$ cat coords10.cif   # mmCIF, C-alpha atoms; chains and numbers go by the auth columns
data_work
#
loop_
_atom_site.group_PDB
_atom_site.id
_atom_site.type_symbol
_atom_site.label_atom_id
_atom_site.label_comp_id
_atom_site.label_asym_id
_atom_site.label_seq_id
_atom_site.Cartn_x
_atom_site.Cartn_y
_atom_site.Cartn_z
_atom_site.B_iso_or_equiv
_atom_site.auth_seq_id
_atom_site.auth_asym_id
ATOM 1 C CA TYR A 1 106.950 112.621 152.084 0.00 753 D
ATOM 2 C CA GLU A 2 107.212 110.357 155.097 0.00 754 D
ATOM 3 C CA VAL A 3 108.752 110.558 158.569 0.00 755 D
ATOM 4 C CA ASP A 4 112.509 110.085 158.333 0.00 756 D
ATOM 5 C CA VAL A 5 113.661 110.539 161.959 0.00 757 D
ATOM 6 C CA LEU A 6 111.546 111.217 165.047 0.00 758 D
ATOM 7 C CA THR A 7 113.336 112.087 168.310 0.00 759 D
ATOM 8 C CA ILE A 8 111.813 112.786 171.696 0.00 760 D
ATOM 9 C CA ASP A 9 114.078 114.396 174.239 0.00 761 D
ATOM 10 C CA GLY A 10 117.034 113.585 171.951 0.00 762 D
ATOM 11 C CA THR A 11 116.253 109.863 171.667 0.00 763 D
ATOM 12 C CA PRO A 12 115.144 108.370 168.318 0.00 764 D
ATOM 13 C CA VAL A 13 111.821 106.570 168.503 0.00 765 D
ATOM 14 C CA ALA A 14 109.993 104.198 166.171 0.00 766 D
ATOM 15 C CA ASP A 15 108.200 105.757 163.205 0.00 767 D
ATOM 16 C CA THR A 16 104.826 107.059 164.152 0.00 768 D
ATOM 17 C CA THR A 17 102.512 109.813 163.047 0.00 769 D
ATOM 18 C CA SER A 18 101.175 110.651 166.481 0.00 770 D
ATOM 19 C CA VAL A 19 102.860 111.359 169.850 0.00 771 D
ATOM 20 C CA THR A 20 101.037 112.155 173.068 0.00 772 D
ATOM 21 C CA PHE A 21 102.770 113.601 176.120 0.00 773 D
ATOM 22 C CA THR A 22 100.722 112.604 179.164 0.00 774 D
ATOM 23 C CA ASN A 23 100.902 114.041 182.669 0.00 775 D
ATOM 24 C CA VAL A 24 103.570 116.571 181.608 0.00 776 D
ATOM 25 C CA VAL A 25 105.682 117.618 184.637 0.00 777 D
ATOM 26 C CA ALA A 26 108.931 118.595 182.831 0.00 778 D
ATOM 27 C CA ASP A 27 110.163 120.273 179.650 0.00 779 D
ATOM 28 C CA HIS A 28 110.425 118.086 176.524 0.00 780 D
ATOM 29 C CA THR A 29 111.673 118.308 172.944 0.00 781 D
ATOM 30 C CA ILE A 30 110.222 116.653 169.896 0.00 782 D
ATOM 31 C CA ASP A 31 111.963 116.816 166.580 0.00 783 D
ATOM 32 C CA VAL A 32 110.906 115.271 163.295 0.00 784 D
ATOM 33 C CA THR A 33 112.508 115.275 159.861 0.00 785 D
ATOM 34 C CA PHE A 34 110.890 114.131 156.670 0.00 786 D
ATOM 35 C CA VAL A 35 112.169 112.463 153.534 0.00 787 D
ATOM 36 C CA ALA A 36 110.665 112.377 150.079 0.00 788 D
ATOM 37 C CA LEU A 37 108.997 109.136 149.104 0.00 789 D
ATOM 38 C CA PRO A 38 110.526 107.424 146.092 0.00 790 D
ATOM 39 C CA PRO A 39 108.601 108.309 142.940 0.00 791 D
ATOM 40 C CA VAL A 40 105.838 105.969 141.798 0.00 792 D
ATOM 41 C CA THR A 41 106.935 104.246 138.607 0.00 793 D
ATOM 42 C CA HIS A 42 105.328 102.033 136.001 0.00 794 D
ATOM 43 C CA THR A 43 106.787 99.768 133.344 0.00 795 D
ATOM 44 C CA ILE A 44 106.089 99.750 129.651 0.00 796 D
ATOM 45 C CA THR A 45 107.187 96.564 127.907 0.00 797 D
ATOM 46 C CA ALA A 46 108.063 97.220 124.261 0.00 798 D
ATOM 47 C CA THR A 47 108.560 94.285 121.890 0.00 799 D
ATOM 48 C CA GLY A 48 109.146 94.157 118.170 0.00 800 D
ATOM 49 C CA GLY A 49 109.487 91.372 115.684 0.00 801 D
ATOM 50 C CA ALA A 50 112.034 90.838 112.945 0.00 802 D
ATOM 51 C CA ASN A 51 112.256 93.177 109.932 0.00 803 D
ATOM 52 C CA GLY A 52 111.980 96.443 111.837 0.00 804 D
ATOM 53 C CA THR A 53 112.687 98.201 115.121 0.00 805 D
ATOM 54 C CA ILE A 54 110.905 99.778 118.064 0.00 806 D
ATOM 55 C CA ASN A 55 112.865 102.337 120.036 0.00 807 D
ATOM 56 C CA PRO A 56 113.348 102.200 122.937 0.00 808 D
ATOM 57 C CA PRO A 57 112.973 98.400 123.168 0.00 809 D
ATOM 58 C CA GLY A 58 112.513 96.216 126.242 0.00 810 D
ATOM 59 C CA THR A 59 111.193 97.188 129.661 0.00 811 D
ATOM 60 C CA ILE A 60 111.065 100.947 130.150 0.00 812 D
ATOM 61 C CA VAL A 61 110.507 102.448 133.626 0.00 813 D
ATOM 62 C CA VAL A 62 108.387 105.604 133.536 0.00 814 D
ATOM 63 C CA THR A 63 107.691 107.925 136.477 0.00 815 D
ATOM 64 C CA GLU A 64 103.976 108.303 137.149 0.00 816 D
ATOM 65 C CA GLY A 65 102.510 111.210 135.209 0.00 817 D
ATOM 66 C CA ASP A 66 105.335 111.325 132.670 0.00 818 D
ATOM 67 C CA ASN A 67 105.042 110.612 128.946 0.00 819 D
ATOM 68 C CA GLN A 68 106.896 107.976 126.924 0.00 820 D
ATOM 69 C CA VAL A 69 107.261 108.068 123.136 0.00 821 D
ATOM 70 C CA PHE A 70 108.199 105.078 120.989 0.00 822 D
ATOM 71 C CA THR A 71 109.553 105.284 117.434 0.00 823 D
ATOM 72 C CA ILE A 72 108.694 102.408 115.102 0.00 824 D
ATOM 73 C CA THR A 73 110.626 101.798 111.893 0.00 825 D
ATOM 74 C CA PRO A 74 109.866 98.906 109.516 0.00 826 D
ATOM 75 C CA ASP A 75 112.660 97.715 107.228 0.00 827 D
ATOM 76 C CA ALA A 76 112.317 98.600 103.536 0.00 828 D
ATOM 77 C CA GLY A 77 109.519 96.587 101.926 0.00 829 D
ATOM 78 C CA TYR A 78 107.796 95.833 105.233 0.00 830 D
ATOM 79 C CA GLU A 79 104.712 97.200 106.956 0.00 831 D
ATOM 80 C CA MET A 80 103.782 97.113 110.632 0.00 832 D
ATOM 81 C CA ALA A 81 100.926 96.031 112.853 0.00 833 D
ATOM 82 C CA LEU A 82 100.769 97.724 116.270 0.00 834 D
ATOM 83 C CA THR A 83 99.160 96.361 119.439 0.00 835 D
ATOM 84 C CA VAL A 84 98.911 98.461 122.600 0.00 836 D
ATOM 85 C CA ASP A 85 97.813 96.807 125.840 0.00 837 D
ATOM 86 C CA GLY A 86 96.596 93.837 123.794 0.00 838 D
ATOM 87 C CA ILE A 87 94.423 95.927 121.466 0.00 839 D
ATOM 88 C CA ALA A 88 95.264 96.455 117.785 0.00 840 D
ATOM 89 C CA THR A 89 95.639 100.135 117.025 0.00 841 D
ATOM 90 C CA THR A 90 96.359 102.391 114.077 0.00 842 D
ATOM 91 C CA SER A 91 99.960 101.961 113.028 0.00 843 D
ATOM 92 C CA SER A 92 102.182 105.005 112.742 0.00 844 D
ATOM 93 C CA SER A 93 105.881 105.744 113.027 0.00 845 D
ATOM 94 C CA THR A 94 105.472 106.979 116.622 0.00 846 D
ATOM 95 C CA PHE A 95 103.267 106.093 119.568 0.00 847 D
ATOM 96 C CA ALA A 96 103.086 108.091 122.799 0.00 848 D
ATOM 97 C CA PHE A 97 101.819 107.050 126.203 0.00 849 D
ATOM 98 C CA MET A 98 100.701 110.288 127.851 0.00 850 D
ATOM 99 C CA ASN A 99 100.388 110.860 131.631 0.00 851 D
ATOM 100 C CA VAL A 100 101.364 107.275 132.502 0.00 852 D
ATOM 101 C CA THR A 101 99.460 105.989 135.551 0.00 853 D
ATOM 102 C CA THR A 102 99.639 102.231 135.007 0.00 854 D
ATOM 103 C CA ASP A 103 101.806 99.556 133.384 0.00 855 D
ATOM 104 C CA HIS A 104 101.479 99.107 129.615 0.00 856 D
ATOM 105 C CA THR A 105 102.610 96.924 126.728 0.00 857 D
ATOM 106 C CA ILE A 106 103.370 97.894 123.153 0.00 858 D
ATOM 107 C CA ASP A 107 104.062 95.248 120.526 0.00 859 D
ATOM 108 C CA VAL A 108 104.831 95.678 116.862 0.00 860 D
ATOM 109 C CA THR A 109 105.106 93.014 114.191 0.00 861 D
ATOM 110 C CA PHE A 110 106.400 93.511 110.688 0.00 862 D
ATOM 111 C CA SER A 111 105.230 91.756 107.527 0.00 863 D
ATOM 112 C CA LEU A 112 106.282 91.903 103.907 0.00 864 D
ATOM 113 C CA ILE A 113 104.249 94.440 101.944 0.00 865 D
ATOM 114 C CA PRO A 114 102.348 92.440 99.336 0.00 866 D
ATOM 115 C CA PRO A 115 103.149 93.527 95.786 0.00 867 D
ATOM 116 C CA VAL A 116 100.572 95.533 93.863 0.00 868 D
ATOM 117 C CA THR A 117 99.293 93.451 90.972 0.00 869 D
ATOM 118 C CA HIS A 118 97.155 94.006 87.912 0.00 870 D
ATOM 119 C CA THR A 119 95.215 91.530 85.783 0.00 871 D
ATOM 120 C CA ILE A 120 95.354 91.475 82.009 0.00 872 D
ATOM 121 C CA THR A 121 92.580 89.382 80.494 0.00 873 D
ATOM 122 C CA ALA A 122 93.754 87.890 77.180 0.00 874 D
ATOM 123 C CA THR A 123 91.305 86.163 74.827 0.00 875 D
ATOM 124 C CA ALA A 124 91.418 85.016 71.201 0.00 876 D
ATOM 125 C CA GLY A 125 88.552 84.211 68.865 0.00 877 D
ATOM 126 C CA GLY A 126 88.446 81.099 66.688 0.00 878 D
ATOM 127 C CA ASN A 127 91.219 80.285 64.213 0.00 879 D
ATOM 128 C CA GLY A 128 94.109 81.487 66.335 0.00 880 D
ATOM 129 C CA SER A 129 95.499 81.794 69.831 0.00 881 D
ATOM 130 C CA ILE A 130 97.108 84.207 72.289 0.00 882 D
ATOM 131 C CA THR A 131 99.728 83.070 74.783 0.00 883 D
ATOM 132 C CA PRO A 132 99.451 83.394 77.677 0.00 884 D
ATOM 133 C CA SER A 133 95.676 83.508 77.756 0.00 885 D
ATOM 134 C CA GLY A 134 93.024 84.037 80.387 0.00 886 D
ATOM 135 C CA ALA A 135 93.541 86.172 83.500 0.00 887 D
ATOM 136 C CA VAL A 136 97.266 86.990 83.578 0.00 888 D
ATOM 137 C CA VAL A 137 98.468 88.604 86.831 0.00 889 D
ATOM 138 C CA VAL A 138 101.326 91.100 86.448 0.00 890 D
ATOM 139 C CA THR A 139 103.212 92.778 89.315 0.00 891 D
ATOM 140 C CA ASP A 140 103.047 96.569 89.235 0.00 892 D
ATOM 141 C CA GLY A 141 105.807 98.018 87.052 0.00 893 D
ATOM 142 C CA ASN A 142 106.662 94.730 85.313 0.00 894 D
ATOM 143 C CA ASP A 143 106.245 93.941 81.608 0.00 895 D
ATOM 144 C CA GLN A 144 104.116 91.193 80.075 0.00 896 D
ATOM 145 C CA THR A 145 104.491 89.948 76.502 0.00 897 D
ATOM 146 C CA PHE A 146 101.733 88.141 74.628 0.00 898 D
ATOM 147 C CA THR A 147 102.280 86.083 71.485 0.00 899 D
ATOM 148 C CA ILE A 148 99.464 86.126 68.925 0.00 900 D
ATOM 149 C CA THR A 149 99.392 83.153 66.550 0.00 901 D
ATOM 150 C CA PRO A 150 96.819 82.932 63.717 0.00 902 D
ATOM 151 C CA ALA A 151 95.913 79.433 62.537 0.00 903 D
ATOM 152 C CA VAL A 152 97.376 78.342 59.156 0.00 904 D
ATOM 153 C CA GLY A 153 95.682 80.307 56.386 0.00 905 D
ATOM 154 C CA TYR A 154 94.457 83.072 58.737 0.00 906 D
ATOM 155 C CA GLU A 155 95.698 86.493 59.750 0.00 907 D
ATOM 156 C CA VAL A 156 94.877 88.828 62.623 0.00 908 D
ATOM 157 C CA ASP A 157 91.598 90.561 61.816 0.00 909 D
ATOM 158 C CA VAL A 158 91.196 92.896 64.807 0.00 910 D
ATOM 159 C CA LEU A 159 93.441 93.347 67.836 0.00 911 D
ATOM 160 C CA THR A 160 92.101 95.484 70.669 0.00 912 D
ATOM 161 C CA ILE A 161 93.808 96.631 73.831 0.00 913 D
ATOM 162 C CA ASP A 162 91.487 97.955 76.525 0.00 914 D
ATOM 163 C CA GLY A 163 88.719 98.066 73.899 0.00 915 D
ATOM 164 C CA THR A 164 90.676 100.196 71.451 0.00 916 D
ATOM 165 C CA PRO A 165 91.762 98.710 68.068 0.00 917 D
ATOM 166 C CA VAL A 166 95.537 98.771 67.505 0.00 918 D
ATOM 167 C CA ALA A 167 97.781 98.012 64.503 0.00 919 D
ATOM 168 C CA ASP A 168 98.197 94.369 63.538 0.00 920 D
ATOM 169 C CA THR A 169 101.036 92.634 65.342 0.00 921 D
ATOM 170 C CA THR A 170 101.866 89.138 66.533 0.00 922 D
ATOM 171 C CA SER A 171 103.515 90.175 69.807 0.00 923 D
#

$ encode --input "coords10.cif" --output "structure tokens"
Amino acid sequence: YEVDVLTIDGTPVADTTSVTFTNVVADHTIDVTFVALPPVTHTITATGGANGTINPPGTIVVTEGDNQVFTITPDAGYEMALTVDGIATTSSSTFAFMNVTTDHTIDVTFSLIPPVTHTITATAGGNGSITPSGAVVVTDGNDQTFTITPAVGYEVDVLTIDGTPVADTTS
């Protein structure tokens, strides 16, 4: 609180926190009323990149001592990176500033989730080939066909998949 109105003998006087009556020879009145100070507030600046949202976005005014929660939602197929007050932090779908006593920033960026891949190593001995050959990268859940071609006058002797012999085939 602070002094709102100070009157001495019915006359308003300038704001002060101390009044002295000197050489008092008559009756006097002193009256003071108080008003609440405006609350102390802080700002939290929330920014988010494309391919997701942060809610609430923009500049948020928070009363000192209060909490502010942000909800972060990446679009399908995207992941997030979260920075709070310039420091990278563990990403989660919510972030809360508790007992706010200073200004803050929260920034989230979204990036495409890289696909999970697997490598199939395909090799053929002499007198034939396998196509494709070498280290073949396949995205998780996709199919990959290999064509096995013996040289003229030869046939497949042994075909192994993950070290286990399988029935003869050319595909």

$ atom_distance --input "coords10.cif" --atom1 "atom CA of Thr797 of chain D" --atom2 "atom CA of Gly838 of chain D"
11.7 Å

$ atom_distance --input "coords10.cif" --atom1 "atom CA of Thr793 of chain D" --atom2 "atom CA of Ile812 of chain D"
10.0 Å

$ residues_around --input "coords10.cif" --residues "Glu907 of chain D" --least-positions-apart "5" --cutoff "12 Å" --atoms "all atoms listed in the file" --output "count of residues only"
11

$ atom_distance --input "coords10.cif" --atom1 "atom CA of Val765 of chain D" --atom2 "atom CA of Val777 of chain D"
20.5 Å

$ closest_residue --input "coords10.cif" --among "D:Glu831, D:Asp761, D:Asp914, D:Glu816" --to "Thr795 of chain D" --atoms "all atoms listed in the file"
D:Glu816
